[in-house]
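File shown here: target-v3.cif, holding mmCIF, C-alpha atoms.
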```
data_final
loop_
_atom_site.group_PDB
_atom_site.id
_atom_site.type_symbol
_atom_site.label_atom_id
_atom_site.label_comp_id
_atom_site.auth_asym_id
_atom_site.auth_seq_id
_atom_site.Cartn_x
_atom_site.Cartn_y
_atom_site.Cartn_z
ATOM 1 C CA MET A 1381 170.589 112.901 44.512
ATOM 2 C CA ARG A 1382 167.410 113.389 42.528
ATOM 3 C CA ILE A 1383 165.737 110.578 44.486
ATOM 4 C CA PHE A 1384 166.708 112.248 47.800
ATOM 5 C CA ILE A 1385 165.216 115.576 46.672
ATOM 6 C CA LEU A 1386 161.955 113.921 45.584
ATOM 7 C CA ALA A 1387 161.714 112.046 48.875
ATOM 8 C CA SER A 1388 162.269 115.255 50.840
ATOM 9 C CA ILE A 1389 159.575 117.081 48.861
ATOM 10 C CA PHE A 1390 157.146 114.196 49.364
ATOM 11 C CA PHE A 1391 157.853 114.039 53.123
ATOM 12 C CA PHE A 1392 157.433 117.833 53.468
ATOM 13 C CA THR A 1393 154.141 117.710 51.565
ATOM 14 C CA ILE A 1394 152.782 114.940 53.791
ATOM 15 C CA CYS A 1395 153.725 116.770 57.006
ATOM 16 C CA HIS A 1396 152.253 120.046 55.792
ATOM 17 C CA PHE A 1397 149.022 118.327 54.756
ATOM 18 C CA GLY A 1398 148.835 116.636 58.152
ATOM 19 C CA ASN A 1399 149.285 119.945 59.935
ATOM 20 C CA LEU A 1400 146.509 121.462 57.843
ATOM 21 C CA GLN A 1401 144.237 118.553 58.684
ATOM 22 C CA ALA A 1402 145.021 118.887 62.389
ATOM 23 C CA GLN A 1403 144.346 122.613 62.242
ATOM 24 C CA VAL A 1404 141.022 122.077 60.517
ATOM 25 C CA SER A 1405 140.141 119.340 63.006
ATOM 26 C CA GLU A 1406 140.985 121.590 65.943
ATOM 27 C CA ASP A 1407 138.914 124.396 64.441
ATOM 28 C CA GLU A 1408 135.873 122.077 64.391
ATOM 29 C CA LEU A 1409 136.037 121.373 68.152
ATOM 30 C CA VAL A 1410 133.462 123.192 70.284
ATOM 31 C CA GLN A 1411 132.980 123.378 74.048
ATOM 32 C CA PHE A 1412 129.298 122.452 74.112
ATOM 33 C CA SER A 1413 127.553 123.492 77.358
ATOM 34 C CA GLY A 1414 124.017 124.065 78.540
ATOM 35 C CA ILE A 1415 121.213 123.158 80.882
ATOM 36 C CA VAL A 1416 118.323 120.691 80.529
ATOM 37 C CA VAL A 1417 114.886 121.831 81.759
ATOM 38 C CA SER A 1418 111.340 120.455 81.666
ATOM 39 C CA ALA A 1419 108.793 122.029 79.332
ATOM 40 C CA ASP A 1420 105.941 122.322 81.839
ATOM 41 C CA SER A 1421 107.699 123.785 84.881
ATOM 42 C CA ILE A 1422 111.088 124.964 83.555
ATOM 43 C CA ASN A 1423 112.661 122.990 86.398
ATOM 44 C CA PRO A 1424 116.052 121.328 85.844
ATOM 45 C CA VAL A 1425 116.025 117.714 84.654
ATOM 46 C CA PRO A 1426 118.844 116.120 86.656
ATOM 47 C CA PHE A 1427 121.113 113.321 85.431
ATOM 48 C CA THR A 1428 120.048 113.529 81.790
ATOM 49 C CA HIS A 1429 122.092 111.287 79.472
ATOM 50 C CA ILE A 1430 123.710 113.306 76.656
ATOM 51 C CA ILE A 1431 125.343 111.266 73.888
ATOM 52 C CA ILE A 1432 126.804 112.178 70.496
ATOM 53 C CA LYS A 1433 125.031 110.176 67.780
ATOM 54 C CA ASN A 1434 126.863 107.102 66.459
ATOM 55 C CA THR A 1435 129.538 107.427 69.145
ATOM 56 C CA TRP A 1436 130.046 106.502 72.779
ATOM 57 C CA ARG A 1437 131.145 110.019 73.675
ATOM 58 C CA GLY A 1438 129.005 112.277 75.832
ATOM 59 C CA THR A 1439 128.246 113.100 79.434
ATOM 60 C CA VAL A 1440 125.566 113.117 82.130
ATOM 61 C CA ALA A 1441 123.976 116.313 83.400
ATOM 62 C CA ASP A 1442 124.424 117.082 87.077
ATOM 63 C CA TYR A 1443 121.687 117.521 89.712
ATOM 64 C CA TYR A 1444 120.891 120.994 88.391
ATOM 65 C CA GLY A 1445 120.663 119.854 84.755
ATOM 66 C CA TYR A 1446 123.978 121.456 83.744
ATOM 67 C CA PHE A 1447 126.350 119.753 81.297
ATOM 68 C CA SER A 1448 129.540 120.610 79.390
ATOM 69 C CA PHE A 1449 131.765 118.562 77.088
ATOM 70 C CA VAL A 1450 133.775 118.825 73.878
ATOM 71 C CA ALA A 1451 131.980 118.119 70.581
ATOM 72 C CA ARG A 1452 132.359 118.917 66.902
ATOM 73 C CA ILE A 1453 130.436 121.115 64.532
ATOM 74 C CA ASN A 1454 127.504 119.283 62.880
ATOM 75 C CA ASP A 1455 127.437 116.640 65.629
ATOM 76 C CA THR A 1456 123.952 115.368 66.474
ATOM 77 C CA ILE A 1457 123.435 115.350 70.248
ATOM 78 C CA HIS A 1458 120.852 113.007 71.802
ATOM 79 C CA PHE A 1459 119.181 113.819 75.142
ATOM 80 C CA SER A 1460 117.379 111.118 77.125
ATOM 81 C CA SER A 1461 115.932 110.938 80.636
ATOM 82 C CA VAL A 1462 113.425 108.642 82.341
ATOM 83 C CA GLY A 1463 109.923 110.107 82.158
ATOM 84 C CA TYR A 1464 110.718 112.446 79.251
ATOM 85 C CA LYS A 1465 110.620 112.150 75.491
ATOM 86 C CA LYS A 1466 113.996 111.893 73.780
ATOM 87 C CA GLY A 1467 115.362 115.048 72.194
ATOM 88 C CA GLN A 1468 118.177 115.873 69.829
ATOM 89 C CA PHE A 1469 120.121 118.913 68.676
ATOM 90 C CA VAL A 1470 122.547 119.479 65.810
ATOM 91 C CA ILE A 1471 125.461 121.799 66.521
ATOM 92 C CA PRO A 1472 125.268 124.409 63.721
ATOM 93 C CA ASP A 1473 128.174 125.044 61.361
ATOM 94 C CA THR A 1474 127.597 128.801 61.398
ATOM 95 C CA ILE A 1475 129.096 129.435 64.810
ATOM 96 C CA THR A 1476 132.194 131.609 64.896
ATOM 97 C CA SER A 1477 133.382 130.769 68.408
ATOM 98 C CA ASP A 1478 134.835 127.691 70.037
ATOM 99 C CA ARG A 1479 132.022 127.705 72.628
ATOM 100 C CA TYR A 1480 128.315 127.072 72.249
ATOM 101 C CA SER A 1481 125.551 127.145 74.894
ATOM 102 C CA LEU A 1482 122.098 125.569 74.766
ATOM 103 C CA ILE A 1483 118.929 125.366 76.852
ATOM 104 C CA GLN A 1484 117.439 121.957 76.010
ATOM 105 C CA VAL A 1485 113.709 121.648 76.795
ATOM 106 C CA MET A 1486 112.430 118.139 77.568
ATOM 107 C CA THR A 1487 108.756 117.148 77.236
ATOM 108 C CA ASN A 1488 107.104 114.834 79.744
ATOM 109 C CA ASP A 1489 106.350 111.349 78.476
ATOM 110 C CA THR A 1490 103.569 109.195 79.942
ATOM 111 C CA ILE A 1491 104.314 105.481 79.891
ATOM 112 C CA LEU A 1492 101.385 103.081 80.317
ATOM 113 C CA LEU A 1493 102.333 99.576 81.396
ATOM 114 C CA SER A 1494 100.057 96.606 80.867
ATOM 115 C CA GLN A 1495 98.535 95.024 83.971
ATOM 116 C CA THR A 1496 100.491 92.199 85.520
ATOM 117 C CA VAL A 1497 98.857 89.818 87.988
ATOM 118 C CA ILE A 1498 101.207 87.651 90.046
ATOM 119 C CA TYR A 1499 99.890 84.450 91.644
ATOM 120 C CA PRO A 1500 101.785 82.040 93.887
ATOM 121 C CA TRP A 1501 100.186 79.179 91.931
ATOM 122 C CA PRO A 1502 101.093 78.085 88.395
ATOM 123 C CA SER A 1503 97.505 78.301 87.079
ATOM 124 C CA ARG A 1504 94.060 79.705 87.911
ATOM 125 C CA GLU A 1505 92.680 76.200 88.420
ATOM 126 C CA GLU A 1506 95.205 75.428 91.146
ATOM 127 C CA PHE A 1507 94.515 78.781 92.780
ATOM 128 C CA LYS A 1508 90.769 78.093 92.784
ATOM 129 C CA GLU A 1509 91.280 74.625 94.275
ATOM 130 C CA ALA A 1510 93.608 75.948 96.985
ATOM 131 C CA PHE A 1511 91.196 78.784 97.849
ATOM 132 C CA LEU A 1512 88.156 76.500 98.126
ATOM 133 C CA ASN A 1513 90.016 73.908 100.195
ATOM 134 C CA PHE A 1514 91.703 76.410 102.465
ATOM 135 C CA ASP A 1515 91.259 75.333 106.088
ATOM 136 C CA VAL A 1516 90.970 78.209 108.557
ATOM 137 C CA PRO A 1517 92.263 76.989 111.955
ATOM 138 C CA ASP A 1518 89.744 77.172 114.786
ATOM 139 C CA ASP A 1519 92.306 78.417 117.283
ATOM 140 C CA ASP A 1520 92.858 81.660 115.312
ATOM 141 C CA TYR A 1521 89.107 82.167 115.014
ATOM 142 C CA GLU A 1522 88.505 81.585 118.712
ATOM 143 C CA ARG A 1523 91.399 83.874 119.596
ATOM 144 C CA ALA A 1524 89.853 86.611 117.477
ATOM 145 C CA LYS A 1525 86.482 86.148 119.212
ATOM 146 C CA LYS A 1526 88.137 86.476 122.615
ATOM 147 C CA ASN A 1527 89.865 89.654 121.563
ATOM 148 C CA ILE A 1528 86.506 91.346 120.900
ATOM 149 C CA ASN A 1529 84.665 89.942 123.937
ATOM 150 C CA GLN A 1530 82.589 92.819 125.319
ATOM 151 C CA SER A 1531 82.915 91.837 128.986
ATOM 152 C CA GLN A 1532 86.692 91.674 128.742
ATOM 153 C CA LEU A 1533 86.793 94.992 126.923
ATOM 154 C CA ARG A 1534 84.737 96.623 129.674
ATOM 155 C CA GLU A 1535 86.988 95.133 132.346
ATOM 156 C CA MET A 1536 90.101 96.364 130.566
ATOM 157 C CA ALA A 1537 88.602 99.844 130.178
ATOM 158 C CA ALA A 1538 87.711 99.970 133.880
ATOM 159 C CA ASN A 1539 91.226 99.020 134.974
ATOM 160 C CA TYR A 1540 93.001 101.162 132.412
ATOM 161 C CA PRO A 1541 94.577 104.255 134.019
ATOM 162 C CA MET A 1542 93.440 107.672 132.923
ATOM 163 C CA ASP A 1543 95.609 109.506 130.444
ATOM 164 C CA GLY A 1544 96.255 113.244 130.267
ATOM 165 C CA SER A 1545 93.048 113.979 128.377
ATOM 166 C CA MET A 1546 90.877 112.058 130.834
ATOM 167 C CA ASN A 1547 92.572 113.728 133.822
ATOM 168 C CA TYR A 1548 91.939 117.122 132.244
ATOM 169 C CA LYS A 1549 88.258 116.355 131.704
ATOM 170 C CA TYR A 1550 87.921 115.086 135.285
ATOM 171 C CA SER A 1551 89.590 118.210 136.656
ATOM 172 C CA MET A 1552 87.370 120.477 134.578
ATOM 173 C CA GLN A 1553 84.280 118.545 135.713
ATOM 174 C CA LEU A 1554 85.209 119.106 139.387
ATOM 175 C CA HIS A 1555 85.756 122.800 138.724
ATOM 176 C CA GLN A 1556 82.399 123.030 136.931
ATOM 177 C CA ASP A 1557 80.625 121.316 139.864
ATOM 178 C CA LYS A 1558 82.098 123.840 142.286
ATOM 179 C CA LEU A 1559 80.902 126.734 140.128
ATOM 180 C CA TYR A 1560 77.481 125.131 139.767
ATOM 181 C CA TYR A 1561 76.949 124.866 143.560
ATOM 182 C CA ILE A 1562 78.220 128.345 144.463
ATOM 183 C CA GLY A 1563 75.805 129.840 147.028
ATOM 184 C CA GLN A 1564 74.043 126.499 147.478
ATOM 185 C CA THR A 1565 74.359 123.520 149.756
ATOM 186 C CA GLN A 1566 76.474 120.985 147.996
ATOM 187 C CA PRO A 1567 75.285 117.361 148.046
ATOM 188 C CA ILE A 1568 76.839 115.141 150.702
ATOM 189 C CA THR A 1569 79.352 112.804 149.157
ATOM 190 C CA VAL A 1570 78.534 110.057 151.609
ATOM 191 C CA LEU A 1571 75.145 109.702 149.957
ATOM 192 C CA ASN A 1572 76.584 109.532 146.449
ATOM 193 C CA PRO A 1573 76.271 105.907 145.159
ATOM 194 C CA PHE A 1574 79.068 106.462 142.635
ATOM 195 C CA ALA A 1575 81.440 107.516 145.394
ATOM 196 C CA TRP A 1576 80.516 104.387 147.367
ATOM 197 C CA ALA A 1577 81.196 102.257 144.269
ATOM 198 C CA GLU A 1578 84.634 103.798 143.870
ATOM 199 C CA PHE A 1579 85.337 103.268 147.604
ATOM 200 C CA ILE A 1580 84.346 99.596 147.494
ATOM 201 C CA LYS A 1581 86.390 99.019 144.358
ATOM 202 C CA ALA A 1582 89.461 100.622 145.953
ATOM 203 C CA TRP A 1583 88.947 98.619 149.142
ATOM 204 C CA LYS A 1584 88.783 95.314 147.218
ATOM 205 C CA GLU A 1585 91.940 96.229 145.369
ATOM 206 C CA GLY A 1586 93.712 96.722 148.692
ATOM 207 C CA LYS A 1587 94.514 100.386 148.232
ATOM 208 C CA PHE A 1588 93.741 101.109 151.898
ATOM 209 C CA LYS A 1589 96.114 98.531 153.324
ATOM 210 C CA ARG A 1590 98.732 99.876 155.704
ATOM 211 C CA LYS A 1591 102.177 99.766 154.204
ATOM 212 C CA ASP A 1592 104.878 98.584 156.618
ATOM 213 C CA LYS A 1593 107.760 100.994 156.986
ATOM 214 C CA ASP A 1594 111.196 99.634 156.309
#
```
Would you give me this structure, written as structure tokens?
Amino acid sequence: MRIFILASIFFFTICHFGNLQAQVSEDELVQFSGIVVSADSINPVPFTHIIIKNTWRGTVADYYGYFSFVARINDTIHFSSVGYKKGQFVIPDTITSDRYSLIQVMTNDTILLSQTVIYPWPSREEFKEAFLNFDVPDDDYERAKKNINQSQLREMAANYPMDGSMNYKYSMQLHQDKLYYIGQTQPITVLNPFAWAEFIKAWKEGKFKRKDKD
């Protein structure tokens, strides 16, 4: 009987101690929320990684820099984001509520990377040898010369149809000529050598041929 009483007292003590521990543990939990901003512009820092030190628990801030998760009093919170210096914050033990809010300011971090030169050859010597012995094909060179042939460029420009800008300039030139010769005898077009040149060109191109009706 005495052994049963001692066992009951021991079991009751253990359960009561466990309940006290659970109550204390629950009292230490805090809903930790806040927003992460940059120090220079006070703009949100999206997708910041927020981790509790020495644990895998934490969260990631959303697009607007907002975060919220459950932590404990005296937890050290690490903040990290690409392009910013890492920051940390310790949840104080003087808070009297189960919620705590924070505005975490992140400072820009400039990262200088060493220069990297990538060559398609294993060494500089092989690159130098390949560059000096590089054979430029004559067909590409001749094709390039033909593309910039002045006579062909002039021929292409002469046969190229006028665009909207050229039509506008031509129309305005005709209007200006009419205003210029108001009250005067206008020159006869039949004596204009440029008009004859245009007529001969059109005649050679067959623009005056009679089109048979279907």
Exercise for the section: Write out as a VMD selection string which residues come within 12 Å of Pro1500 in chain A when counting only C-alpha atoms, dropping same-chain ones fewer than 4 positions away. Expected result: chain A and resid 1504 1506 to 1508 1510 to 1511
Handout entry: Among listed residues A:Glu1509, A:Phe1412, A:Thr1490, A:Ser1448, nearest Val1470 in chain A (using all atoms listed in the file)
Key =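 Among the listed residues, the smallest separation from Val1470 in chain A belongs to A:Phe1412.
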Exercise for the section: Just give me the gap between CA of Asn1527 in chain A and CA of Tyr1540 in chain A in Å, one decimal is fine. Expected result: 16.1 Å
Practice task
Evaluate the PyMOL selection byres ((chain A and resi 1450-1458) around 7) on the structure here and hand back the selected residues as an MDAnalysis selection string.
Solution key: chainID A and resid 1408:1412 1430:1433 1449 1459:1460 1467:1473
Exercise for the section: Please indicate the distance in Å from CA of Tyr1560 in chain A to CA of Glu1578 in chain A, rounded to one decimal place. Expected result: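 Computed distance, CA of Tyr1560 in chain A to CA of Glu1578 in chain A, equals 22.9 Å.
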Problem - d(CA of Tyr1464 in chain A, CA of Phe1427 in chain A) in Å - result: 12.1 Å
Practice task
Would you please work out which residue, of A:Thr1487, A:Met1546, A:Pro1573, A:Glu1535, is nearest to Asp1420 in chain A when using only C-alpha atoms?
Solution key: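 Among A:Thr1487, A:Met1546, A:Pro1573, A:Glu1535, it is A:Thr1487 that comes nearest to Asp1420 in chain A.
Neighbouring residues of range 1480-1483 of chain A at 8 Å or closer, counting all atoms listed in the file and skipping chain neighbours under 3 positions away, are Val1410, Gln1411, Phe1412, Ser1413, Gly1414, Ile1415, Val1416, Val1417, Ile1475 and Ser1477 of chain A.
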Could you save those same residues with C-alpha atoms as a compact mmCIF listing (two decimals), in the coordinates of the input?
```
# COMPACT_ATOMS: atom_id res chain seq x y z
CA VAL A 1410 133.46 123.19 70.28
CA GLN A 1411 132.98 123.38 74.05
CA PHE A 1412 129.30 122.45 74.11
CA SER A 1413 127.55 123.49 77.36
CA GLY A 1414 124.02 124.06 78.54
CA ILE A 1415 121.21 123.16 80.88
CA VAL A 1416 118.32 120.69 80.53
CA VAL A 1417 114.89 121.83 81.76
CA ILE A 1475 129.10 129.44 64.81
CA SER A 1477 133.38 130.77 68.41
```
Using the file's own x, y and z axes, what box holds all listed atoms of range 1538-1547 of chain A with 4 Å on each side, keeping edges along x, y and z, and what are its centre and edge lengths in Å to one decimal, as AutoDock Vina command-line options?
```
--center_x 92.0 --center_y 106.5 --center_z 131.7 --size_x 16.5 --size_y 23.0 --size_z 14.6
```
Exercise for the section: Tell me which protein, DNA and RNA residues are within 6 Å of Gly1445 in chain A, counting all atoms listed in the file, leaving out same-chain ones fewer than 2 positions away, and put them as JSON, numbers by chain. Expected result: {"A": [1415, 1416, 1424, 1425, 1426, 1441, 1442, 1443]}
